[in-house]
Every structure is written in C-alpha cells, then in structure tokens.
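S.K.: Here you go, this is final-v4.txt (compact mmCIF, C-alpha atoms and all ligand atoms).
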```txt
# COMPACT_ATOMS: atom_id res chain seq x y z
CA MET A 1 120.45 104.06 -119.32
CA THR A 2 117.97 101.65 -120.96
CA VAL A 3 119.14 98.04 -121.00
CA ALA A 4 118.12 95.98 -124.06
CA PRO A 5 115.79 93.10 -123.18
CA LEU A 6 117.50 89.69 -123.17
CA LEU A 7 114.70 87.90 -125.07
CA THR A 8 114.20 88.70 -128.76
CA ARG A 9 110.72 88.57 -130.31
CA ASP A 10 111.58 85.25 -131.98
CA GLN A 11 112.87 83.82 -128.71
CA LEU A 12 109.72 84.91 -126.88
CA ASP A 13 107.70 83.16 -129.56
CA GLN A 14 109.73 79.98 -129.05
CA VAL A 15 109.31 80.13 -125.27
CA LEU A 16 105.55 80.52 -125.58
CA ARG A 17 105.26 77.76 -128.20
CA THR A 18 106.96 75.44 -125.68
CA ALA A 19 104.90 76.73 -122.74
CA VAL A 20 101.57 76.01 -124.44
CA ARG A 21 102.60 72.35 -125.01
CA ALA A 22 102.15 71.86 -121.24
CA PRO A 23 99.40 69.48 -120.13
CA SER A 24 96.19 71.06 -118.83
CA VAL A 25 92.97 69.69 -117.38
CA HIS A 26 90.74 68.67 -120.35
CA ASN A 27 93.24 70.56 -122.54
CA THR A 28 91.60 73.83 -121.46
CA GLN A 29 94.95 75.67 -121.80
CA PRO A 30 93.87 78.12 -119.08
CA TRP A 31 96.93 80.42 -119.22
CA LEU A 32 97.76 83.95 -120.28
CA PHE A 33 101.23 85.48 -120.67
CA GLU A 34 102.45 89.04 -120.52
CA LEU A 35 106.04 90.21 -121.11
CA ARG A 36 107.26 93.27 -119.19
CA GLY A 37 110.95 93.92 -119.78
CA ASP A 38 112.62 90.58 -119.10
CA ALA A 39 109.83 89.31 -116.87
CA LEU A 40 107.28 86.90 -118.31
CA HIS A 41 104.14 87.08 -116.16
CA VAL A 42 101.98 83.96 -116.22
CA ARG A 43 98.32 84.37 -115.21
CA VAL A 44 95.29 82.10 -115.13
CA ASP A 45 92.55 82.66 -117.69
CA PRO A 46 89.48 82.49 -115.42
CA ASP A 47 87.19 82.05 -118.45
CA ARG A 48 88.78 78.62 -118.93
CA GLN A 49 88.25 77.32 -115.39
CA LEU A 50 85.96 74.28 -114.94
CA PRO A 51 83.35 75.54 -112.45
CA VAL A 52 81.81 72.11 -111.73
CA GLU A 53 84.89 69.84 -111.55
CA ASP A 54 87.35 72.46 -110.36
CA PRO A 55 85.44 75.14 -108.40
CA LEU A 56 88.51 76.24 -106.39
CA GLY A 57 90.79 76.49 -109.43
CA ARG A 58 93.21 73.84 -108.14
CA GLU A 59 93.54 72.10 -111.51
CA LEU A 60 93.50 75.49 -113.24
CA ARG A 61 96.64 76.48 -111.31
CA LEU A 62 98.25 73.04 -111.69
CA SER A 63 97.89 73.45 -115.45
CA CYS A 64 99.38 76.97 -115.38
CA GLY A 65 102.26 75.79 -113.17
CA ALA A 66 103.11 73.16 -115.79
CA ALA A 67 103.19 75.92 -118.42
CA VAL A 68 105.52 77.97 -116.19
CA ASP A 69 107.96 75.05 -116.01
CA HIS A 70 107.76 74.47 -119.77
CA ALA A 71 108.52 78.21 -120.29
CA ARG A 72 111.41 78.05 -117.82
CA LEU A 73 112.92 75.04 -119.61
CA SER A 74 112.57 76.78 -122.96
CA VAL A 75 114.41 79.86 -121.64
CA ARG A 76 117.15 77.53 -120.40
CA GLY A 77 117.24 75.90 -123.84
CA LEU A 78 118.11 79.33 -125.29
CA GLY A 79 121.23 79.42 -123.11
CA LEU A 80 119.68 81.94 -120.72
CA ALA A 81 119.29 81.77 -116.95
CA CYS A 82 115.96 82.61 -115.32
CA GLU A 83 114.33 82.78 -111.91
CA VAL A 84 110.75 81.82 -111.11
CA ASP A 85 108.92 83.81 -108.44
CA TRP A 86 105.76 82.03 -107.21
CA THR A 87 104.87 84.68 -104.60
CA PRO A 88 101.15 85.57 -104.87
CA SER A 89 100.40 89.13 -105.98
CA SER A 90 98.22 91.25 -103.70
CA GLU A 91 97.11 93.30 -106.74
CA ASP A 92 96.40 90.51 -109.20
CA PRO A 93 94.41 87.46 -108.02
CA ASP A 94 95.02 85.77 -111.39
CA HIS A 95 98.82 85.93 -111.06
CA VAL A 96 100.55 82.51 -111.07
CA ALA A 97 104.28 83.20 -111.37
CA THR A 98 106.87 85.48 -112.93
CA VAL A 99 109.74 84.05 -114.96
CA THR A 100 112.57 86.60 -115.08
CA VAL A 101 115.40 86.16 -117.56
CA THR A 102 118.63 87.13 -115.83
CA GLY A 103 121.52 86.55 -118.27
CA PRO A 104 123.47 83.96 -120.26
CA LEU A 105 123.95 80.40 -118.89
CA SER A 106 124.72 77.24 -120.88
CA THR A 107 121.98 74.66 -121.22
CA THR A 108 122.70 71.33 -119.48
CA ASP A 109 122.36 67.93 -121.21
CA GLU A 110 119.48 67.06 -118.89
CA GLU A 111 117.60 70.23 -119.82
CA ARG A 112 118.13 69.44 -123.52
CA GLN A 113 116.69 65.93 -123.02
CA LEU A 114 113.64 67.32 -121.24
CA LEU A 115 113.11 69.90 -123.98
CA ASP A 116 113.33 67.16 -126.63
CA ALA A 117 110.58 65.36 -124.71
CA VAL A 118 108.17 68.33 -124.90
CA LEU A 119 106.98 67.53 -128.43
CA LEU A 120 106.98 63.75 -127.86
CA ARG A 121 104.96 63.84 -124.62
CA ARG A 122 101.25 63.22 -124.67
CA THR A 123 98.69 61.83 -122.27
CA ASP A 124 98.28 58.16 -123.06
CA ARG A 125 94.98 56.60 -121.95
CA SER A 126 95.46 53.26 -123.73
CA ALA A 127 96.44 49.97 -122.05
CA TYR A 128 100.16 49.80 -121.26
CA ALA A 129 102.61 46.94 -121.86
CA PRO A 130 102.92 44.32 -119.08
CA THR A 131 106.43 45.53 -118.25
CA THR A 132 107.49 46.63 -114.79
CA VAL A 133 109.17 50.03 -114.54
CA PRO A 134 112.74 49.39 -113.24
CA ALA A 135 113.72 50.73 -109.82
CA ASP A 136 116.31 53.23 -111.14
CA VAL A 137 113.68 54.77 -113.44
CA VAL A 138 111.20 54.97 -110.54
CA ASP A 139 113.89 56.77 -108.51
CA ALA A 140 114.46 59.25 -111.37
CA LEU A 141 110.72 60.04 -111.49
CA VAL A 142 110.54 60.52 -107.73
CA ALA A 143 113.58 62.84 -107.92
CA ALA A 144 112.00 64.80 -110.80
CA GLY A 145 108.89 65.36 -108.65
CA ARG A 146 111.00 67.02 -105.96
CA HIS A 147 110.74 70.29 -107.84
CA ASP A 148 109.42 73.63 -106.61
CA GLY A 149 108.56 72.23 -103.18
CA ALA A 150 106.40 69.28 -104.30
CA HIS A 151 107.09 65.58 -103.78
CA VAL A 152 106.22 62.31 -105.46
CA THR A 153 105.74 58.88 -103.89
CA ALA A 154 105.70 55.64 -105.86
CA GLU A 155 102.93 53.33 -104.61
CA GLN A 156 104.25 49.80 -105.02
CA ASP A 157 102.97 48.02 -101.94
CA HIS A 158 100.10 45.70 -102.95
CA ASP A 159 97.67 46.86 -100.24
CA ARG A 160 98.35 50.54 -100.90
CA VAL A 161 97.84 50.05 -104.65
CA LEU A 162 94.50 48.32 -103.94
CA ALA A 163 93.46 51.16 -101.62
CA LEU A 164 94.37 53.76 -104.26
CA GLU A 165 92.55 51.85 -107.02
CA GLY A 166 89.52 51.55 -104.73
CA VAL A 167 89.31 55.31 -104.16
CA VAL A 168 89.71 56.01 -107.91
CA ALA A 169 86.97 53.49 -108.74
CA ARG A 170 84.64 55.18 -106.22
CA ALA A 171 85.40 58.54 -107.83
CA ASP A 172 84.66 57.10 -111.25
CA THR A 173 81.28 55.82 -110.09
CA SER A 174 80.44 59.12 -108.42
CA LEU A 175 81.41 61.27 -111.43
CA ARG A 176 79.51 59.03 -113.86
CA ARG A 177 76.33 59.72 -111.90
CA ASP A 178 76.79 63.49 -112.01
CA GLU A 179 75.01 65.06 -114.96
CA GLU A 180 76.62 68.47 -114.41
CA VAL A 181 80.07 66.87 -114.63
CA HIS A 182 79.03 65.09 -117.81
CA ARG A 183 77.80 68.31 -119.37
CA GLU A 184 81.03 70.10 -118.45
CA MET A 185 83.27 67.30 -119.80
CA ALA A 186 81.20 66.97 -122.98
CA ALA A 187 81.81 70.66 -123.69
CA TRP A 188 85.56 69.90 -123.94
CA VAL A 189 85.35 66.76 -126.11
CA ARG A 190 86.08 67.66 -129.76
CA THR A 191 85.02 65.73 -132.84
CA SER A 192 86.47 68.17 -135.43
CA SER A 193 89.62 67.08 -137.27
CA ARG A 194 92.26 69.47 -135.79
CA PRO A 195 90.84 71.08 -132.67
CA ALA A 196 92.98 73.85 -131.13
CA ASP A 197 91.88 72.96 -127.59
CA GLY A 198 89.82 70.35 -125.74
CA LEU A 199 90.07 66.58 -125.97
CA PRO A 200 90.22 65.05 -129.45
CA ALA A 201 87.88 62.04 -129.52
CA GLY A 202 90.79 59.83 -130.70
CA ALA A 203 92.76 60.57 -127.51
CA LEU A 204 90.05 59.25 -125.19
CA PRO A 205 89.73 55.73 -123.77
CA ASP A 206 87.78 53.40 -126.03
CA HIS A 207 84.37 53.42 -124.38
CA GLY A 208 82.77 49.99 -124.14
CA ALA A 209 85.84 48.11 -125.40
CA GLY A 210 87.23 47.64 -121.90
CA ARG A 211 89.73 49.93 -120.29
CA GLY A 212 92.72 47.65 -120.07
CA SER A 213 93.84 49.11 -116.75
CA SER A 214 93.31 48.16 -113.13
CA LEU A 215 92.97 51.88 -112.44
CA ALA A 216 89.54 53.22 -113.43
CA LEU A 217 90.29 55.77 -116.16
CA ARG A 218 88.21 58.90 -116.37
CA ASP A 219 85.17 58.30 -118.56
CA PHE A 220 84.86 61.26 -120.91
CA GLU A 221 82.04 59.75 -122.95
CA PRO A 222 79.22 62.29 -123.15
CA VAL A 223 76.37 59.84 -122.50
CA PRO A 224 73.61 60.16 -119.92
CA PRO A 225 75.03 58.84 -116.64
CA ALA A 226 71.98 56.63 -116.08
CA ALA A 227 72.92 54.65 -119.20
CA THR A 228 76.43 53.80 -117.97
CA ALA A 229 77.13 51.05 -115.51
CA PRO A 230 79.74 51.72 -112.83
CA THR A 231 83.15 50.20 -113.43
CA THR A 232 83.49 46.64 -112.25
CA ALA A 233 86.39 44.34 -112.90
CA GLY A 234 83.99 41.85 -114.52
CA ASP A 235 83.02 44.28 -117.32
CA ASP A 236 86.53 44.58 -118.70
CA PRO A 237 88.90 42.12 -120.36
CA PRO A 238 91.71 40.81 -118.17
CA VAL A 239 94.20 43.50 -117.24
CA ALA A 240 97.76 42.70 -118.25
CA GLU A 241 99.54 45.97 -117.54
CA HIS A 242 101.49 46.69 -114.34
CA PRO A 243 101.31 50.46 -114.20
CA LEU A 244 103.46 52.32 -111.76
CA LEU A 245 101.22 54.56 -109.65
CA LEU A 246 102.67 57.87 -108.48
CA VAL A 247 101.12 60.36 -106.07
CA LEU A 248 102.20 63.98 -106.47
CA SER A 249 101.68 65.97 -103.24
CA THR A 250 102.50 69.23 -101.54
CA ASP A 251 102.87 69.93 -97.82
CA THR A 252 100.13 72.57 -97.79
CA ASP A 253 97.22 73.35 -100.08
CA SER A 254 97.36 76.98 -101.22
CA PRO A 255 96.95 78.33 -104.78
CA GLU A 256 100.75 78.76 -104.81
CA ASP A 257 101.18 75.06 -103.87
CA TRP A 258 98.87 74.04 -106.72
CA ALA A 259 100.96 76.00 -109.25
CA ARG A 260 104.22 74.60 -107.84
CA ALA A 261 102.74 71.09 -108.07
CA GLY A 262 102.03 71.81 -111.74
CA ALA A 263 105.70 72.65 -112.31
CA ALA A 264 106.72 69.39 -110.62
CA LEU A 265 104.15 67.55 -112.75
CA SER A 266 105.81 69.01 -115.86
CA ARG A 267 109.22 67.66 -114.72
CA VAL A 268 107.87 64.19 -113.93
CA LEU A 269 106.03 63.92 -117.26
CA LEU A 270 109.02 65.08 -119.32
CA THR A 271 111.40 62.81 -117.37
CA ALA A 272 109.05 59.88 -118.00
CA THR A 273 108.81 60.68 -121.72
CA ALA A 274 112.59 60.95 -122.00
CA ALA A 275 112.81 57.47 -120.41
CA GLY A 276 110.43 55.99 -123.03
CA LEU A 277 107.46 55.83 -120.65
CA VAL A 278 103.89 56.99 -121.15
CA VAL A 279 101.71 58.61 -118.49
CA ASN A 280 98.05 59.23 -117.79
CA PRO A 281 97.48 62.00 -115.22
CA GLN A 282 94.41 61.27 -113.07
CA THR A 283 92.48 63.75 -110.99
CA SER A 284 88.96 62.31 -110.78
CA ALA A 285 89.55 61.01 -107.23
CA LEU A 286 90.70 64.47 -106.17
CA GLU A 287 87.60 66.19 -107.58
CA VAL A 288 85.05 64.39 -105.43
CA THR A 289 84.64 66.02 -102.03
CA GLY A 290 85.50 63.51 -99.37
CA LEU A 291 87.41 61.11 -101.60
CA ARG A 292 90.50 63.32 -101.67
CA TRP A 293 90.58 63.11 -97.86
CA GLN A 294 89.82 59.39 -97.96
CA LEU A 295 92.94 59.02 -100.10
CA VAL A 296 94.98 60.95 -97.52
CA GLU A 297 93.61 58.68 -94.79
CA GLU A 298 93.89 55.33 -96.58
CA LEU A 299 97.44 55.97 -97.82
CA ALA A 300 98.41 57.80 -94.60
CA LEU A 301 99.77 60.65 -96.74
CA SER A 302 101.52 63.41 -94.84
CA GLY A 303 100.82 66.06 -97.50
CA ARG A 304 97.96 67.06 -99.78
CA PRO A 305 97.55 64.92 -102.93
CA GLN A 306 97.52 67.06 -106.09
CA MET A 307 97.69 64.47 -108.87
CA LEU A 308 97.78 60.70 -109.45
CA LEU A 309 99.88 59.39 -112.31
CA ARG A 310 99.53 56.04 -114.08
CA VAL A 311 102.89 55.31 -115.67
CA GLY A 312 104.00 52.49 -117.96
CA TYR A 313 105.57 51.43 -121.22
CA PRO A 314 103.52 51.92 -124.40
CA GLN A 315 101.98 48.84 -125.96
CA GLY A 316 100.64 50.24 -129.23
CA PRO A 317 100.87 53.48 -131.20
CA GLY A 318 99.48 55.39 -128.19
CA SER A 319 97.21 58.40 -128.25
CA PRO A 320 97.33 61.08 -130.95
CA PRO A 321 98.66 64.51 -129.93
CA SER A 322 96.10 67.09 -128.83
CA GLY A 323 95.99 70.57 -130.39
CA ARG A 324 97.09 73.90 -128.98
CA ARG A 325 95.83 77.44 -129.48
CA PRO A 326 98.21 79.78 -131.33
CA VAL A 327 100.60 81.82 -129.19
CA GLY A 328 98.91 85.05 -130.36
CA GLU A 329 95.79 84.03 -128.42
CA VAL A 330 97.54 83.72 -125.07
CA LEU A 331 99.98 86.67 -125.18
CA ARG A 332 98.41 89.82 -123.71
CA PRO A 333 98.81 92.39 -125.08
CA PRO A 334 100.37 90.92 -128.22
CA VAL A 335 103.91 92.16 -128.92
CA PRO A 336 104.11 93.95 -132.33
CA GLU A 337 105.65 91.73 -135.07
CA ARG A 338 109.30 92.72 -135.53
CA ALA A 339 110.98 89.38 -136.30
CA GLY A 340 114.48 89.10 -134.86
CA SER A 341 114.29 92.39 -133.00
CA PRO A 342 114.30 92.68 -129.23
CA ALA A 343 110.81 92.15 -127.79
C1 LIG B 1 95.51 69.30 -113.71
C2 LIG B 1 95.33 68.20 -114.74
C3 LIG B 1 94.37 67.22 -114.54
C4 LIG B 1 94.21 66.18 -115.47
N1 LIG B 1 93.31 65.16 -115.21
C5 LIG B 1 93.19 64.13 -116.09
C6 LIG B 1 92.32 63.02 -115.80
O1 LIG B 1 91.71 62.93 -114.74
N2 LIG B 1 92.22 62.03 -116.73
C7 LIG B 1 92.91 62.09 -117.92
O2 LIG B 1 92.78 61.16 -118.74
N3 LIG B 1 93.76 63.11 -118.20
C8 LIG B 1 93.92 64.12 -117.33
N4 LIG B 1 94.79 65.15 -117.58
C9 LIG B 1 95.53 65.18 -118.85
C10 LIG B 1 94.91 66.22 -119.80
O3 LIG B 1 93.65 65.78 -120.25
C11 LIG B 1 95.88 66.46 -120.97
O4 LIG B 1 97.07 67.03 -120.45
C12 LIG B 1 95.31 67.40 -122.01
O5 LIG B 1 94.20 66.81 -122.64
C13 LIG B 1 96.35 67.75 -123.07
O6 LIG B 1 96.82 66.60 -123.71
P1 LIG B 1 98.33 66.13 -123.68
O7 LIG B 1 98.71 65.86 -122.25
O8 LIG B 1 98.35 64.88 -124.53
O9 LIG B 1 99.16 67.24 -124.26
C14 LIG B 1 95.00 66.16 -116.65
C15 LIG B 1 95.99 67.16 -116.83
C16 LIG B 1 96.16 68.15 -115.88
C17 LIG B 1 97.25 69.18 -116.07
```
The structure in this file should be written as structure tokens.
M.R.:
Amino acid sequence: MTVAPLLTRDQLDQVLRTAVRAPSVHNTQPWLFELRGDALHVRVDPDRQLPVEDPLGRELRLSCGAAVDHARLSVRGLGLACEVDWTPSSEDPDHVATVTVTGPLSTTDEERQLLDAVLLRRTDRSAYAPTTVPADVVDALVAAGRHDGAHVTAEQDHDRVLALEGVVARADTSLRRDEEVHREMAAWVRTSSRPADGLPAGALPDHGAGRGSSLALRDFEPVPPAATAPTTAGDDPPVAEHPLLLVLSTDTDSPEDWARAGAALSRVLLTATAAGLVVNPQTSALEVTGLRWQLVEELALSGRPQMLLRVGYPQGPGSPPSGRRPVGEVLRPPVPERAGSPA
C-alpha cells in the first residue's frame, strides 16, 4: 500500500521559503534540499564554500544547520511533527541532516513566536543602544543555545570580556592584512539594488565612520589591506553600547557538531529577535589559525567555540534585510508544479 506524503507541494514550498531565511556566512546560502517521500534531505552546496576563510567547511555546515532548524520550525508551524537525524552518511559526504515528517502535532506558542521572528531577524552590524540585557533574557538565550547538543555561555565578567575583545581585535588586524581574504570577501559584497545572495552594501558597518562597538566588527570593505589601519580604540568615537557577548560551543569538533551548532545558532537568534534584541554573529576570531585556540585558552572554555554573538537592543533603524535565492534554485531535483497536490 502506498502512503500519501504528509507534506503537500505548497507546504514544501513554505518550509523551504522559511529554511532559506536562515543566516549564512557572507549570505552564501550554501544549502541544497531534496525531498524523498516525507524526508527532506539537507546537503551542503560545495560550490558555495569559502575556500580561504573556511577551508574545512565549518561555517558552511553551521549555515546549513541553521537552515535545518528553520525548516524544522516551519514543519512544526504546519502542525506536523518531525525528527532530525544528524548522523553522517557514509555514501554522501555533502549530507548535513534529514528532516522526516512523522505525523500531526499541534504547534506550541513558543514555536509560533520563533516562526514570527524568522522574517524580522537580520544581522545588525550597527551600534546598539546603551541598555543592558536583563538577566532573565540572558537566561532565555543561554537556554535556547542548549539545542541539538550545543551550549551557550554569556561572558559578563569584565576580564573575560576584555580577553574576548582582545582576541577578536587580533583577528581583525590579521584578516585585514590578508589579501586573499579581502578578495574572497569582496566577491560576496553586492552593490546592486536587490541582490539574491551576498552582503548588500547597506548592511555592512559604516567604514571610516567609527564602529560604535567595543568588539571589532568584521571589516568587509574591499580595499587593499595596506591602506587600512588596524583597529585601535583611539580611531573610533566613544563606545556607548553594552553588548552582551555570547559564545556558542560544542563539546567536540566534527562536521556533525558544526551543523548542530548551526541549529542552536538559529534558536538563539530567533529567541533574541522575539525578545526585541538584535545580534551580530562573529566568526573572524575563529577563522584565524591559532586565535581560535587562544580563545579556548584565555576563556578556559571546555568545548570548541563555534560562534561569537554580539547581542543588544537596537538604537536606530538597524540593517536592511539581505536577499535570498528563490526556492527553485536550492531544491534538487525540482518537484513538478502541482499546486495544492501532495509533493
Ligand atoms: C557561520 C556564520 C558566520 C558569520 N560570520 C559573520 C561575521 O563574522 N561577521 C558578520 O558581520 N556577520 C557574520 N555572519 C552573519 C551573516 O553575514 C548573515 O547571516 C548573512 O549575511 C545573511 O544576513 P541576515 O543574517 O541579515 O539574514 C555569519 C553568519 C553565519 C551563519
């Protein structure tokens, strides 16, 4: 007996439209989806990996893991239950996870709130308001990061914050000097009016106008590194914001851990958005060989850091949204158009 698939074509479309709203390194959107029966297979798109900044594919898999969690939430929003299997595939090195729809299950209020946050969320690289994030909100973010085996710590001790800022500043200086990194980043900065991928120029920190944050923000400006001075506190206007700094880690450091960390990242970002906060993910310090381990040492971290997050309340209009490629580009092979019919 053939059992009808649980997801209709329209529902699949909705799930994928939510999944592609996930954050990704430089907005590369390095994911591919394939539906087999009721199993949505998520795979990396190796053509969209950053060979210079991300040679191992750690950020590639973090990005795909975030898309898996967005897809999972969207399935839940349809009133359907699903299971995520992160087990690596011996046949397919590009496999990230399989989301299997298992049957009806009512959506919870919390899931609805997170889904509402999907379209509101965006990376905000502007200066944040000088407002401290309250302890109960910090606790909610830490709890949200306890997803899929990852964990989040909030760095609030003065000395630890200084140590973290120091490592990020060293990473900033190192990346600014690297012409290959500059070339790679420049290839993802977009100046067209509605780019479908990459970083819209309007979403980047205002180069030369001061960064407004004690944490050195990644400098995306495609200028020769020799022409840019390293970040020093004296170059920038006084910093008023008090960002909350979060470290997202995993116990071990396998491709599966990276993808799971991406799913936890998705939960933290959506929880923050739902609480009226803005976030700037930061990975520059994790891209420089040596500095990632310096961070482990200086903060005495027990796990492997996967992402730093600068969190705060917005001060102005914030960054514009970045574009996404149409679902048809990431679904392989495309499902024939039969609106409303089972996929
Ligand atoms: C793995 C990963 C690494 C990222 N690293 C940085 C970073 O170092 N600096 C930064 O400003 N944004 C970083 N981002 C944010 C992306 O640039 C952002 O998600 C992408 O441009 C899409 O924009 P959106 O988040 O507004 O949807 C990162 C995101 C991911 C998933």
S.K.: Between A:Leu286, A:Ala39, A:Leu199, A:Ala263, which has the minimum distance to ligand LIG 1 (chain B) (counting all atoms listed in the file)?
M.R.: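 Closest to ligand LIG 1 (chain B), using all atoms listed in the file: A:Leu199.
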S.K.: Box time for stretch 20-23 of chain A: axis-aligned, enclosing all its listed atoms, 8 Å extra on each side; report centre and edge lengths in Å to one decimal, as JSON.
M.R.:
```
{"center_x": 101.0, "center_y": 72.7, "center_z": -122.6, "size_x": 19.2, "size_y": 22.5, "size_z": 20.9}
```
S.K.: Calculated over all atoms listed in the file, which of the candidates A:His242, A:Asp10, A:Ala171, A:Ser284 has the smallest distance to A:Pro130?
M.R.: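 Among the listed residues, the smallest separation from A:Pro130 belongs to A:His242.
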S.K.: Give as a ChimeraX atom specification the residues surrounding ligand LIG 1 (chain B) up to a distance of 9 Å, considering only C-alpha atoms and all ligand atoms.
M.R.: /A:21-29,58-66,119,121-125,197-200,203-205,217-220,262,265-266,279-287,306-308,319-324
S.K.: Mind pulling up the distance from atom CA of A:Cys82 to atom CA of A:Asp38?
M.R.: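 Calculated distance between atom CA of A:Asp38 and atom CA of A:Cys82 is 9.4 Å.
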S.K.: For stretch 139-210 of chain A against stretch 267-276 of chain A, with a cut-off of 10 Å and counting all atoms listed in the file, what is the closest atom pair and its distance in Å to one decimal for every residue that makes the cut, ordered by chain and number, as a Markdown table?
M.R.:
```
| residue | atom | partner | partner_atom | distance |
| --- | --- | --- | --- | --- |
| A:Ala140 | CA | A:Thr271 | CA | 7.6 |
| A:Leu141 | CA | A:Val268 | CA | 5.6 |
| A:Val142 | CA | A:Val268 | CA | 7.7 |
| A:Ala143 | CA | A:Val268 | CA | 8.4 |
| A:Ala144 | CA | A:Val268 | CA | 5.2 |
| A:Gly145 | CA | A:Val268 | CA | 5.5 |
| A:Arg146 | CA | A:Arg267 | CA | 9.0 |
| A:His147 | CA | A:Arg267 | CA | 7.5 |
| A:Val152 | CA | A:Val268 | CA | 8.8 |
```
S.K.: Hey, which of A:His70, A:Gly312, A:Glu165, A:Gly79 ends up closest to A:Ala117? Count all atoms listed in the file.
M.R.: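 Looking at the shortest contact to A:Ala117, the residue is A:His70.
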S.K.: Rounded to one decimal in Å, what is the spacing between atom CA of A:Thr108 and atom CA of A:Leu7?
M.R.: 19.2 Å
S.K.: Record the distance separating atom CA of A:Glu155 and atom CA of A:Ser249, expressed in Å with one decimal.
M.R.: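 Taking atom CA of A:Glu155 as the start and atom CA of A:Ser249 as the end point, the length is 12.8 Å.
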S.K.: Check the smallest atom-to-atom distance from each of A:Val84, A:Leu175, A:Leu162, A:Ala71 to A:Thr289 using all atoms listed in the file, then report the winner.
M.R.: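 Closest candidate: A:Leu175.
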S.K.: Could you tell me which of A:His182, A:Arg310, A:Arg176, A:His151 comes closest to A:Arg260 if we count all atoms listed in the file?
M.R.: A:His151
S.K.: For A:Ala154, which residue among A:Val296, A:Ala135, A:Val327, A:Val68 is the nearest when counting all atoms listed in the file?
M.R.: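 For A:Ala154, the nearest of the given residues is A:Ala135.
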S.K.: If we count all atoms listed in the file, what is near A:Ser89 at a cut-off of 12 Å, once residues fewer than 5 positions away on the same chain are taken out, given as a ChimeraX atom specification?
M.R.: /A:41-43,94-98,255-256
S.K.: Which polymer residues, whether protein, DNA or RNA, lie within 7 Å of the coordinate (97.6, 80.8, -124.1) when you count all atoms listed in the file? List them as a list of chain:residue names, using the chain letters and numbers from the file.
M.R.: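 Within the cut-off we find A:Val20, A:Gln29, A:Pro30, A:Trp31, A:Leu32, A:Phe33, A:Arg325, A:Val327, A:Glu329, A:Val330, A:Leu331.
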S.K.: Can you tell me which residues surround A:Gly103 at a distance of at most 8 Å, considering only C-alpha atoms, apart from same-chain residues fewer than 6 positions away, and format the answer as a PyMOL selection string?
M.R.: chain A and resi 6+80-82
S.K.: In file coordinates, which residues lie within 6 Å of (86.7, 53.0, -111.8) using all atoms listed in the file, given as a list in words?
M.R.: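 Returned residue set, sorted by chain then number, is Val168, Ala169, Asp172, Ala216 and Thr231 of chain A.
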S.K.: How would the residues just picked look written out with C-alpha atoms as a PDB file, in the coordinates of the input?
M.R.:
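Written out: out36.pdb:
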```pdb
ATOM      1  CA  VAL A 168      89.710  56.010-107.910  1.00  0.00           C
ATOM      2  CA  ALA A 169      86.970  53.490-108.740  1.00  0.00           C
ATOM      3  CA  ASP A 172      84.660  57.100-111.250  1.00  0.00           C
ATOM      4  CA  ALA A 216      89.540  53.220-113.430  1.00  0.00           C
ATOM      5  CA  THR A 231      83.150  50.200-113.430  1.00  0.00           C
TER       6      THR A 231
END
```
